[in-house]
>>> print(open('work30.tsv').read())   # TSV, C-alpha atoms and all ligand atoms
chain	number	residue	atom	x	y	z
A	194	MET	CA	170.41	57.86	69.43
A	195	GLU	CA	167.11	56.54	70.82
A	196	THR	CA	164.38	59.18	70.11
A	197	PHE	CA	163.28	59.64	73.72
A	198	VAL	CA	166.85	59.85	75.01
A	199	LYS	CA	167.36	62.68	72.53
A	200	ILE	CA	164.13	64.30	73.75
A	201	ARG	CA	165.34	64.00	77.35
A	202	ARG	CA	168.62	65.71	76.40
A	203	ASP	CA	166.79	68.48	74.51
A	204	LEU	CA	164.65	69.14	77.58
A	205	HIS	CA	167.65	68.90	79.89
A	206	LEU	CA	169.17	71.86	78.02
A	207	ILE	CA	166.26	74.19	78.85
A	208	PRO	CA	165.15	73.81	82.51
A	209	GLU	CA	162.65	76.42	83.67
A	210	LEU	CA	161.11	77.24	87.04
A	211	GLY	CA	157.50	76.67	88.05
A	212	PHE	CA	154.95	78.44	85.85
A	213	GLN	CA	157.75	79.77	83.65
A	214	GLU	CA	158.03	76.58	81.57
A	215	PHE	CA	157.35	78.42	78.29
A	216	LYS	CA	160.11	76.84	76.16
A	217	THR	CA	159.37	73.44	77.69
A	218	GLN	CA	155.67	73.77	76.86
A	219	SER	CA	156.49	74.83	73.27
A	220	TYR	CA	158.88	71.90	72.87
A	221	LEU	CA	156.24	69.44	74.13
A	222	LEU	CA	153.52	70.95	71.91
A	223	GLU	CA	155.83	70.84	68.91
A	224	TYR	CA	156.49	67.13	69.51
A	225	LEU	CA	152.78	66.40	70.05
A	226	SER	CA	152.02	68.08	66.70
A	227	THR	CA	154.00	65.32	64.95
A	228	LEU	CA	151.64	62.59	66.23
A	229	ASN	CA	148.32	61.40	64.79
A	230	GLN	CA	146.00	64.32	65.72
A	231	GLU	CA	142.85	62.26	65.13
A	232	ARG	CA	143.60	60.18	68.18
A	233	MET	CA	144.20	63.12	70.56
A	234	ILE	CA	142.55	66.12	72.21
A	235	ILE	CA	145.16	68.64	73.37
A	236	GLN	CA	144.49	71.44	75.82
A	237	THR	CA	146.96	73.83	77.45
A	238	TRP	CA	146.58	75.02	81.03
A	239	ARG	CA	148.95	77.84	82.05
A	240	THR	CA	152.39	76.35	81.19
A	241	GLY	CA	151.07	72.80	81.37
A	242	ILE	CA	149.30	70.56	78.86
A	243	PHE	CA	146.53	67.94	79.03
A	244	VAL	CA	146.32	65.31	76.28
A	245	ARG	CA	143.47	62.85	75.91
A	246	VAL	CA	144.38	59.81	73.83
A	247	LYS	CA	141.05	58.51	72.61
A	248	GLY	CA	140.12	54.87	73.09
A	249	THR	CA	137.99	52.89	70.66
A	250	ASN	CA	135.12	52.23	73.10
A	251	PRO	CA	135.91	54.00	76.39
A	252	SER	CA	134.25	53.09	79.67
A	253	LYS	CA	136.86	54.77	81.89
A	254	THR	CA	139.78	57.21	81.72
A	255	ILE	CA	143.23	56.35	82.98
A	256	GLY	CA	145.47	59.27	83.98
A	257	TYR	CA	149.24	59.56	83.77
A	258	ARG	CA	151.00	62.61	85.18
A	259	THR	CA	154.49	64.01	84.65
A	260	ASP	CA	155.97	67.14	86.19
A	261	ILE	CA	157.84	69.53	83.88
A	262	ASP	CA	159.75	72.16	85.93
A	263	GLY	CA	163.41	72.46	86.91
A	264	LEU	CA	165.22	73.79	89.98
A	265	PRO	CA	166.99	77.11	90.71
A	266	MET	CA	170.49	75.55	90.78
A	267	ASN	CA	173.66	75.63	88.72
A	268	GLU	CA	174.45	72.36	86.98
A	269	ALA	CA	177.91	70.87	87.53
A	270	THR	CA	177.73	67.63	85.53
A	271	GLY	CA	179.96	68.89	82.72
A	272	LEU	CA	177.82	66.91	80.27
A	273	PRO	CA	177.66	68.05	76.63
A	274	TYR	CA	173.90	68.54	77.04
A	275	ALA	CA	174.13	70.34	80.40
A	276	SER	CA	171.67	73.15	81.12
A	277	THR	CA	172.02	76.23	78.94
A	278	HIS	CA	169.94	78.23	81.41
A	279	GLU	CA	172.20	79.89	83.98
A	280	GLY	CA	171.10	79.02	87.54
A	281	ARG	CA	168.56	76.43	86.40
A	282	MET	CA	168.87	72.65	86.32
A	283	HIS	CA	166.74	69.57	85.85
A	284	ALA	CA	168.14	68.18	89.11
A	285	CYS	CA	165.04	66.22	90.07
A	286	GLY	CA	164.66	64.19	86.88
A	287	HIS	CA	161.61	65.92	85.42
A	288	ASP	CA	163.35	65.81	82.00
A	289	VAL	CA	163.43	62.01	82.29
A	290	HIS	CA	159.81	61.99	83.52
A	291	MET	CA	158.70	64.06	80.49
A	292	SER	CA	160.53	61.94	77.93
A	293	ILE	CA	158.99	58.78	79.41
A	294	ALA	CA	155.52	60.37	79.31
A	295	LEU	CA	155.99	61.32	75.64
A	296	GLY	CA	157.24	57.82	74.84
A	297	VAL	CA	154.21	56.16	76.45
A	298	LEU	CA	151.85	58.65	74.79
A	299	THR	CA	153.43	57.95	71.39
A	300	ASN	CA	153.01	54.20	71.85
A	301	LEU	CA	149.38	54.53	72.94
A	302	VAL	CA	148.48	56.82	70.04
A	303	ASP	CA	149.59	53.98	67.75
A	304	LEU	CA	147.68	51.27	69.65
A	305	PRO	CA	143.96	50.49	69.37
A	306	ILE	CA	143.32	50.95	73.13
A	307	LYS	CA	139.72	50.63	74.34
A	308	ASP	CA	139.71	53.23	77.13
A	309	ASP	CA	140.81	56.85	77.08
A	310	VAL	CA	144.17	57.77	78.58
A	311	VAL	CA	144.82	61.32	79.79
A	312	PHE	CA	148.37	62.63	80.04
A	313	ILE	CA	148.97	65.56	82.39
A	314	PHE	CA	152.13	67.64	81.85
A	315	GLN	CA	152.09	69.51	85.15
A	316	PRO	CA	154.05	72.70	85.88
A	317	ALA	CA	155.57	73.87	89.16
A	318	GLU	CA	156.03	70.66	91.15
A	319	GLU	CA	159.14	72.03	92.88
A	320	GLY	CA	157.22	75.16	93.79
A	321	PRO	CA	154.91	76.95	94.20
A	322	GLY	CA	152.83	73.83	93.41
A	323	GLY	CA	150.95	73.23	90.17
A	324	ALA	CA	148.80	70.23	91.08
A	325	GLU	CA	146.38	71.98	93.42
A	326	PRO	CA	145.37	74.84	91.06
A	327	LEU	CA	145.41	72.42	88.11
A	328	LEU	CA	142.85	70.15	89.80
A	329	LYS	CA	140.63	73.17	90.46
A	330	SER	CA	140.95	74.57	86.94
A	331	GLU	CA	138.06	74.85	84.52
A	332	GLU	CA	140.16	73.24	81.76
A	333	PHE	CA	140.79	70.09	83.84
A	334	THR	CA	137.11	69.26	84.34
A	335	SER	CA	136.83	67.52	80.96
A	336	PHE	CA	140.18	65.71	81.41
A	337	LYS	CA	139.77	64.38	84.96
A	338	PRO	CA	140.65	60.65	84.97
A	339	ASP	CA	139.11	57.87	87.07
A	340	ARG	CA	142.50	56.75	88.33
A	341	ILE	CA	145.97	58.20	88.12
A	342	TYR	CA	149.60	57.08	87.94
A	343	GLY	CA	152.87	58.95	88.31
A	344	LEU	CA	156.54	58.12	88.77
A	345	HIS	CA	159.74	59.62	90.12
A	346	ILE	CA	163.36	58.79	89.40
A	347	ALA	CA	165.34	57.19	92.26
A	348	PRO	CA	169.15	57.64	92.01
A	349	GLU	CA	169.81	54.98	94.65
A	350	TYR	CA	168.27	52.06	92.73
A	351	PRO	CA	169.70	50.35	89.62
A	352	VAL	CA	167.94	50.66	86.28
A	353	GLY	CA	165.16	48.06	86.15
A	354	THR	CA	164.20	48.42	89.80
A	355	ILE	CA	160.80	49.87	90.59
A	356	ALA	CA	159.91	50.68	94.17
A	357	THR	CA	156.69	51.70	95.84
A	358	ARG	CA	154.34	50.84	98.67
A	359	PRO	CA	150.64	50.86	99.44
A	360	GLY	CA	149.62	53.79	101.68
A	361	MET	CA	151.88	56.76	102.36
A	362	LEU	CA	154.83	57.04	99.95
A	363	PHE	CA	155.86	60.70	100.39
A	364	ALA	CA	155.48	63.06	103.35
A	365	HIS	CA	153.34	66.15	103.93
A	366	THR	CA	155.43	69.28	103.30
A	367	SER	CA	155.41	72.96	104.09
A	368	GLU	CA	157.81	75.61	102.96
A	369	LEU	CA	159.24	77.98	105.58
A	370	PHE	CA	160.30	81.60	105.03
A	371	ILE	CA	161.31	83.71	108.05
A	372	ASP	CA	162.37	87.37	107.96
A	373	PHE	CA	164.20	88.90	110.95
A	374	HIS	CA	164.15	92.70	111.23
A	375	GLY	CA	166.48	94.51	113.70
A	376	LEU	CA	168.71	97.58	113.74
A	377	SER	CA	171.97	97.95	111.82
A	378	GLY	CA	175.09	99.91	112.80
A	379	HIS	CA	178.86	99.82	113.24
A	380	ALA	CA	180.39	96.40	113.99
A	381	ALA	CA	182.36	97.96	116.86
A	382	PHE	CA	179.25	99.22	118.69
A	383	PRO	CA	176.93	96.21	118.95
A	384	HIS	CA	175.16	97.66	122.01
A	385	LEU	CA	173.69	100.40	119.78
A	386	THR	CA	172.28	97.90	117.26
A	387	ASN	CA	170.10	94.80	117.11
A	388	ASP	CA	172.04	92.11	115.27
A	389	MET	CA	169.86	89.82	113.15
A	390	ILE	CA	172.76	87.45	112.30
A	391	VAL	CA	173.00	86.55	116.00
A	392	ALA	CA	169.20	86.33	116.47
A	393	SER	CA	168.67	84.15	113.37
A	394	SER	CA	171.61	81.87	114.25
A	395	HIS	CA	170.09	81.14	117.67
A	396	PHE	CA	166.74	80.63	116.00
A	397	ILE	CA	168.11	78.06	113.54
A	398	THR	CA	169.72	76.13	116.39
A	399	GLN	CA	166.46	76.20	118.35
A	400	LEU	CA	164.52	74.97	115.34
A	401	GLN	CA	166.37	71.68	115.49
A	402	SER	CA	165.02	70.98	118.98
A	403	ILE	CA	161.42	71.04	117.69
A	404	VAL	CA	161.90	67.74	115.88
A	405	SER	CA	163.83	66.14	118.73
A	406	ARG	CA	161.74	67.49	121.65
A	407	ASN	CA	158.23	68.30	120.43
A	408	VAL	CA	157.38	65.72	117.78
A	409	ASN	CA	156.35	62.29	119.01
A	410	PRO	CA	159.45	60.08	118.55
A	411	LEU	CA	157.21	57.44	116.97
A	412	ASP	CA	156.19	59.96	114.32
A	413	SER	CA	158.72	61.53	111.91
A	414	ALA	CA	159.49	65.08	110.87
A	415	VAL	CA	162.28	67.11	109.27
A	416	ILE	CA	163.08	70.82	109.31
A	417	THR	CA	165.75	71.89	106.83
A	418	ILE	CA	167.00	75.41	106.27
A	419	GLY	CA	168.45	75.53	102.77
A	420	LYS	CA	169.19	79.21	102.38
A	421	ILE	CA	170.23	82.17	104.55
A	422	THR	CA	170.58	85.72	103.27
A	423	GLY	CA	171.51	88.77	105.27
A	424	GLY	CA	174.05	91.50	105.86
A	425	THR	CA	175.99	93.69	103.48
A	426	VAL	CA	179.66	93.70	104.54
A	427	GLN	CA	181.82	92.21	107.32
A	428	ASN	CA	181.93	95.30	109.54
A	429	VAL	CA	178.28	96.34	109.47
A	430	ILE	CA	175.77	94.73	111.78
A	431	ALA	CA	172.93	93.21	109.76
A	432	ASP	CA	169.44	94.55	110.34
A	433	HIS	CA	167.79	91.92	108.12
A	434	VAL	CA	168.21	88.17	107.70
A	435	ARG	CA	165.96	85.85	105.73
A	436	ILE	CA	166.01	82.11	106.23
A	437	GLU	CA	164.33	79.76	103.78
A	438	GLY	CA	163.58	76.13	104.38
A	439	THR	CA	161.15	73.28	104.19
A	440	MET	CA	159.43	71.02	106.69
A	441	ARG	CA	158.33	67.43	106.28
A	442	ALA	CA	156.05	65.28	108.44
A	443	LEU	CA	154.42	61.88	108.16
A	444	SER	CA	151.21	62.96	109.86
A	445	GLU	CA	149.05	66.05	109.64
A	446	GLU	CA	149.25	66.31	113.45
A	447	ALA	CA	153.05	66.43	113.37
A	448	MET	CA	152.95	69.14	110.68
A	449	LYS	CA	150.50	71.15	112.81
A	450	LYS	CA	152.83	70.77	115.79
A	451	LEU	CA	155.85	72.01	113.78
A	452	LYS	CA	153.95	75.14	112.75
A	453	GLU	CA	152.65	75.82	116.25
A	454	ARG	CA	156.10	75.46	117.79
A	455	ILE	CA	157.68	77.71	115.16
A	456	GLN	CA	155.05	80.36	115.85
A	457	SER	CA	155.76	80.21	119.61
A	458	LEU	CA	159.52	80.38	119.00
A	459	VAL	CA	158.91	83.44	116.84
A	460	ASN	CA	156.89	85.08	119.64
A	461	GLY	CA	159.60	84.28	122.20
A	462	PHE	CA	162.46	85.46	119.97
A	463	GLN	CA	160.71	88.74	119.20
A	464	GLU	CA	160.61	89.36	122.94
A	465	SER	CA	164.09	88.13	123.85
A	466	PHE	CA	165.92	89.65	120.85
A	467	GLN	CA	163.74	92.76	120.69
A	468	CYS	CA	163.17	92.35	116.96
A	469	LYS	CA	160.36	91.84	114.48
A	470	ILE	CA	160.02	88.40	112.92
A	471	GLU	CA	157.70	87.52	110.04
A	472	VAL	CA	156.95	83.89	109.25
A	473	ASP	CA	155.40	82.56	106.06
A	474	PHE	CA	154.66	78.85	105.56
A	475	GLY	CA	154.67	79.22	101.76
A	476	SER	CA	153.20	76.36	99.78
A	477	ASN	CA	152.11	73.15	101.47
A	478	TYR	CA	151.82	69.75	99.78
A	479	TYR	CA	149.59	66.94	100.90
A	480	GLY	CA	151.42	63.60	101.31
A	481	VAL	CA	151.36	61.07	98.47
A	482	ILE	CA	149.10	58.24	99.60
A	483	ASN	CA	148.96	55.26	97.27
A	484	ASP	CA	145.65	53.47	96.87
A	485	GLU	CA	146.08	49.98	98.29
A	486	SER	CA	144.34	47.90	95.62
A	487	ILE	CA	145.72	49.94	92.68
A	488	THR	CA	149.24	49.53	94.11
A	489	ASN	CA	148.82	45.78	94.66
A	490	GLU	CA	147.52	45.37	91.12
A	491	PHE	CA	150.55	47.36	89.86
A	492	PHE	CA	152.90	45.14	91.89
A	493	ASP	CA	151.29	42.01	90.41
A	494	PHE	CA	151.98	43.31	86.90
A	495	ALA	CA	155.53	44.54	87.67
A	496	ARG	CA	156.61	41.34	89.43
A	497	GLN	CA	156.00	39.19	86.37
A	498	TYR	CA	157.49	41.71	83.88
A	499	ASP	CA	160.80	40.70	82.29
A	500	GLY	CA	163.63	43.09	83.16
A	501	ILE	CA	161.79	44.69	86.09
A	502	GLN	CA	162.59	44.09	89.73
A	503	ALA	CA	159.68	45.35	91.87
A	504	VAL	CA	160.44	46.06	95.52
A	505	GLU	CA	158.43	47.46	98.42
A	506	CYS	CA	160.19	50.54	99.81
A	507	ASN	CA	159.88	52.71	102.91
A	508	VAL	CA	158.01	55.98	103.03
A	509	ALA	CA	160.31	58.92	102.08
A	510	MET	CA	160.44	62.45	103.48
A	511	THR	CA	160.38	63.87	99.95
A	512	GLY	CA	157.35	65.92	99.00
A	513	GLU	CA	155.29	65.80	95.80
A	514	ASP	CA	152.20	67.75	94.91
A	515	PHE	CA	151.03	64.56	93.19
A	516	GLY	CA	149.66	64.08	96.75
A	517	TYR	CA	146.81	66.45	95.83
A	518	MET	CA	145.99	64.17	92.91
A	519	THR	CA	145.98	60.94	94.97
A	520	LYS	CA	143.80	62.75	97.54
A	521	GLU	CA	141.15	63.41	94.91
A	522	ILE	CA	141.63	60.58	92.40
A	523	PRO	CA	142.50	56.99	93.37
A	524	GLY	CA	146.03	56.32	92.16
A	525	MET	CA	149.63	55.64	92.93
A	526	MET	CA	153.20	56.82	92.42
A	527	PHE	CA	156.35	54.72	92.12
A	528	TRP	CA	160.12	55.19	92.05
A	529	ILE	CA	162.19	54.08	89.05
A	530	GLY	CA	165.88	53.32	89.56
A	531	VAL	CA	168.30	55.51	87.57
A	532	ASP	CA	171.57	54.52	89.25
A	533	SER	CA	173.16	57.94	89.77
A	534	LYS	CA	176.14	58.40	92.11
A	535	PHE	CA	174.72	61.84	92.96
A	536	GLY	CA	171.23	62.15	94.41
A	537	LEU	CA	168.13	64.23	93.76
A	538	HIS	CA	168.70	68.00	93.96
A	539	HIS	CA	172.45	67.50	93.51
A	540	GLN	CA	174.35	69.61	90.94
A	541	LYS	CA	175.85	66.42	89.49
A	542	LEU	CA	172.74	64.25	89.29
A	543	ASN	CA	173.23	62.08	86.21
A	544	PRO	CA	170.46	59.51	85.61
A	545	ASP	CA	171.32	56.44	83.53
A	546	GLU	CA	169.36	57.02	80.32
A	547	ASN	CA	168.90	53.29	79.73
A	548	VAL	CA	165.93	53.67	82.03
A	549	ILE	CA	164.02	55.64	79.39
A	550	PRO	CA	163.24	52.96	76.75
A	551	LEU	CA	162.79	50.28	79.43
A	552	ILE	CA	160.20	52.23	81.45
A	553	ILE	CA	158.41	53.54	78.33
A	554	GLN	CA	157.81	49.93	77.27
A	555	PHE	CA	156.87	48.81	80.78
A	556	ILE	CA	154.28	51.58	81.30
A	557	SER	CA	152.94	51.28	77.75
A	558	ASP	CA	152.36	47.56	78.36
A	559	PHE	CA	150.83	48.21	81.78
A	560	ILE	CA	148.45	50.95	80.65
A	561	GLY	CA	147.82	49.20	77.31
A	562	LYS	CA	146.61	46.18	79.29
A	563	LYS	CA	144.43	48.27	81.64
A	564	ALA	CA	142.89	50.46	78.94
A	601	LIG	C1	160.51	64.95	94.72
A	601	LIG	C2	161.00	66.21	95.33
A	601	LIG	O1	162.18	66.37	95.53
A	601	LIG	N1	160.08	67.14	95.62
A	601	LIG	C3	160.36	68.37	96.27
A	601	LIG	C4	159.08	69.12	96.50
A	601	LIG	C5	159.29	70.50	97.12
A	601	LIG	C6	158.07	71.03	97.81
A	601	LIG	C7	158.21	72.44	98.32
A	601	LIG	N2	158.64	73.39	97.36
A	601	LIG	C8	159.14	72.47	99.53
A	601	LIG	O2	160.31	72.85	99.39
A	601	LIG	O3	158.66	72.15	100.62
A	601	LIG	C9	161.06	68.10	97.61
A	601	LIG	O4	161.89	68.94	98.02
A	601	LIG	O5	160.82	67.07	98.26
>>> encode(input="work30.tsv", output="structure tokens", more="lines below")
Ligand SMILES: CC(=O)N[C@@H](CCC[C@H](N)C(=O)O)C(=O)O
Amino acid sequence: METFVKIRRDLHLIPELGFQEFKTQSYLLEYLSTLNQERMIIQTWRTGIFVRVKGTNPSKTIGYRTDIDGLPMNEATGLPYASTHEGRMHACGHDVHMSIALGVLTNLVDLPIKDDVVFIFQPAEEGPGGAEPLLKSEEFTSFKPDRIYGLHIAPEYPVGTIATRPGMLFAHTSELFIDFHGLSGHAAFPHLTNDMIVASSHFITQLQSIVSRNVNPLDSAVITIGKITGGTVQNVIADHVRIEGTMRALSEEAMKKLKERIQSLVNGFQESFQCKIEVDFGSNYYGVINDESITNEFFDFARQYDGIQAVECNVAMTGEDFGYMTKEIPGMMFWIGVDSKFGLHHQKLNPDENVIPLIIQFISDFIGKKA
């Protein structure tokens, strides 16, 4: 089997959540220890790793970032190399991202490149967000590149297709955690209680009107509630419900509006349902905004590359804390087609592994030419 396909499968077996990527970090370090150490400077940061591949006569540093964490989900692919970690899955392709990063790194260590190339193995992309603290870390100061690239798998495109756009690629995001506190009691005597299942259900329905009635229709926003917990048994009125979700917006103004409207709904619901509601906007990611000239230069290279079909795509409501990197360092992110019937964050996501050698070669050639 192709080395980096095997590496992807090894990593797929051991998905870990943000800032708990201990086995993943050890696996990556173990692999890095097999390469020519004279060409590299390796530094760990929390559960992440920075690697500088030294050029022969550097005048700039090119950065390449991969995320390394998995999601809190059960895998249902039935594959022989399915996750061995109960309730954890690489359902967003970070295993593929890591294997590609290692493949490119391996190629560049063996090439006499002129400029330095820094590889960033970043924890906690899915949450609580690794990019922001990483950029602020002491360790990163000597690894900060002059420009930065990153990629993400795209189940909807065939292998060989690369998609991106100049300007905004991914939306601004904010998590959303809301706790409703009421009064429990017997299901037969609701008038003596304060039912948080009823209050939170009305609240969730009301949330949907924020996007349709308060956000400018020419702007775009999403509010999704992905998890509800509350209650103990069918005949006891629940005194606590927690809803967990995420919000997406294409402008900072729209995101501000979503938060303001949620806060006023909370105030109104506390009054009308006589309960206490706590809201927490969790971690927030800045949108991914691709540098125009870096993206055009990338398109020029991709369009003439054999086996690659480069297309301009629409902005997506996905979030990525790579947005903090493109805010501080000129750079770009792109989608790579992996042709999976099941999409990102699906229990049956199954990327076509043929993408791995193809994209390793493509990025090695691209960065090899730039460096
Ligand atoms: C590419 C991708 O799927 N990214 C995640 C980022 C999640 C950000 C944060 N934890 C949130 O839930 O808002 C996404 O869900 O888009």
>>> closest_residue(input="work30.tsv", among="A:Glu446, A:Glu437, A:Asp493, A:Glu279", to="Leu369 (chain A)", atoms="all atoms listed in the file")
A:Glu437
>>> closest_atom_pairs(input="work30.tsv", of="chain A", to="ligand LIG 601 (chain A)", cutoff="6 Å", atoms="all atoms listed in the file", output="tab-separated table")
residue	atom	partner	partner_atom	distance
A:Glu319	CA	A:LIG601	C5	4.5
A:Gly320	CA	A:LIG601	N2	4.2
A:Thr366	CA	A:LIG601	O3	5.1
A:Ser367	CA	A:LIG601	O3	4.8
A:Glu368	CA	A:LIG601	O3	4.3
A:Thr439	CA	A:LIG601	O3	4.5
A:Thr511	CA	A:LIG601	O5	3.6
A:Gly512	CA	A:LIG601	O5	3.7
A:Glu513	CA	A:LIG601	N1	5.0
>>> write_last_selection(input="work30.tsv", atoms="C-alpha atoms", output="compact mmCIF listing (two decimals), keeping the file's coordinate frame")
# COMPACT_ATOMS: atom_id res chain seq x y z
CA GLU A 319 159.14 72.03 92.88
CA GLY A 320 157.22 75.16 93.79
CA THR A 366 155.43 69.28 103.30
CA SER A 367 155.41 72.96 104.09
CA GLU A 368 157.81 75.61 102.96
CA THR A 439 161.15 73.28 104.19
CA THR A 511 160.38 63.87 99.95
CA GLY A 512 157.35 65.92 99.00
CA GLU A 513 155.29 65.80 95.80
>>> residues_near_point(input="work30.tsv", point="(157.0, 81.0, 109.6)", cutoff="7 Å", atoms="all atoms listed in the file", output="list in words")
Leu369, Phe370, Ile371, Ile455, Gln456, Glu471, Val472, Asp473 and Phe474 of chain A
>>> write_last_selection(input="work30.tsv", atoms="C-alpha atoms", output="PDB file, keeping the file's coordinate frame")
ATOM      1  CA  LEU A 369     159.240  77.980 105.580  1.00  0.00           C
ATOM      2  CA  PHE A 370     160.300  81.600 105.030  1.00  0.00           C
ATOM      3  CA  ILE A 371     161.310  83.710 108.050  1.00  0.00           C
ATOM      4  CA  ILE A 455     157.680  77.710 115.160  1.00  0.00           C
ATOM      5  CA  GLN A 456     155.050  80.360 115.850  1.00  0.00           C
ATOM      6  CA  GLU A 471     157.700  87.520 110.040  1.00  0.00           C
ATOM      7  CA  VAL A 472     156.950  83.890 109.250  1.00  0.00           C
ATOM      8  CA  ASP A 473     155.400  82.560 106.060  1.00  0.00           C
ATOM      9  CA  PHE A 474     154.660  78.850 105.560  1.00  0.00           C
TER      10      PHE A 474
END
>>> residues_around(input="work30.tsv", residues="Val426 (chain A)", least_positions_apart="4", cutoff="12 Å", atoms="all atoms listed in the file", output="list in words")
Ser377, Gly378, His379, Ala380, Ile430, Ala431 and Asp432 of chain A
>>> atom_distance(input="work30.tsv", atom1="CA of Thr270 (chain A)", atom2="CA of Met526 (chain A)")
27.7 Å
>>> residues_around(input="work30.tsv", residues="Met389 (chain A)", least_positions_apart="5", cutoff="12 Å", atoms="all atoms listed in the file", output="PyMOL selection string")
chain A and resi 371-378+383+394-397+421-424+429-436+462-463+466-470
>>> closest_residue(input="work30.tsv", among="A:Asn300, A:Ser292, A:Ser276, A:Ser335", to="Ile234 (chain A)", atoms="only C-alpha atoms")
A:Ser335
>>> closest_residue(input="work30.tsv", among="A:Arg441, A:His287, A:Arg239, A:His278", to="Glu331 (chain A)", atoms="all atoms listed in the file")
A:Arg239
>>> atom_distance(input="work30.tsv", atom1="CA of Glu485 (chain A)", atom2="CA of Asp499 (chain A)")
23.6 Å
>>> residues_around(input="work30.tsv", residues="Lys253 (chain A)", least_positions_apart="4", cutoff="7 Å", atoms="only C-alpha atoms", output="ChimeraX atom specification")
/A:308-309,339
>>> residues_around(input="work30.tsv", residues="Asp303 (chain A)", least_positions_apart="3", cutoff="10 Å", atoms="only C-alpha atoms", output="VMD selection string")
chain A and resid 228 to 229 232 246 298 to 300 306
>>> closest_residue(input="work30.tsv", among="A:Phe314, A:Phe559, A:Tyr257, A:Tyr350", to="Gly524 (chain A)", atoms="all atoms listed in the file")
A:Tyr257
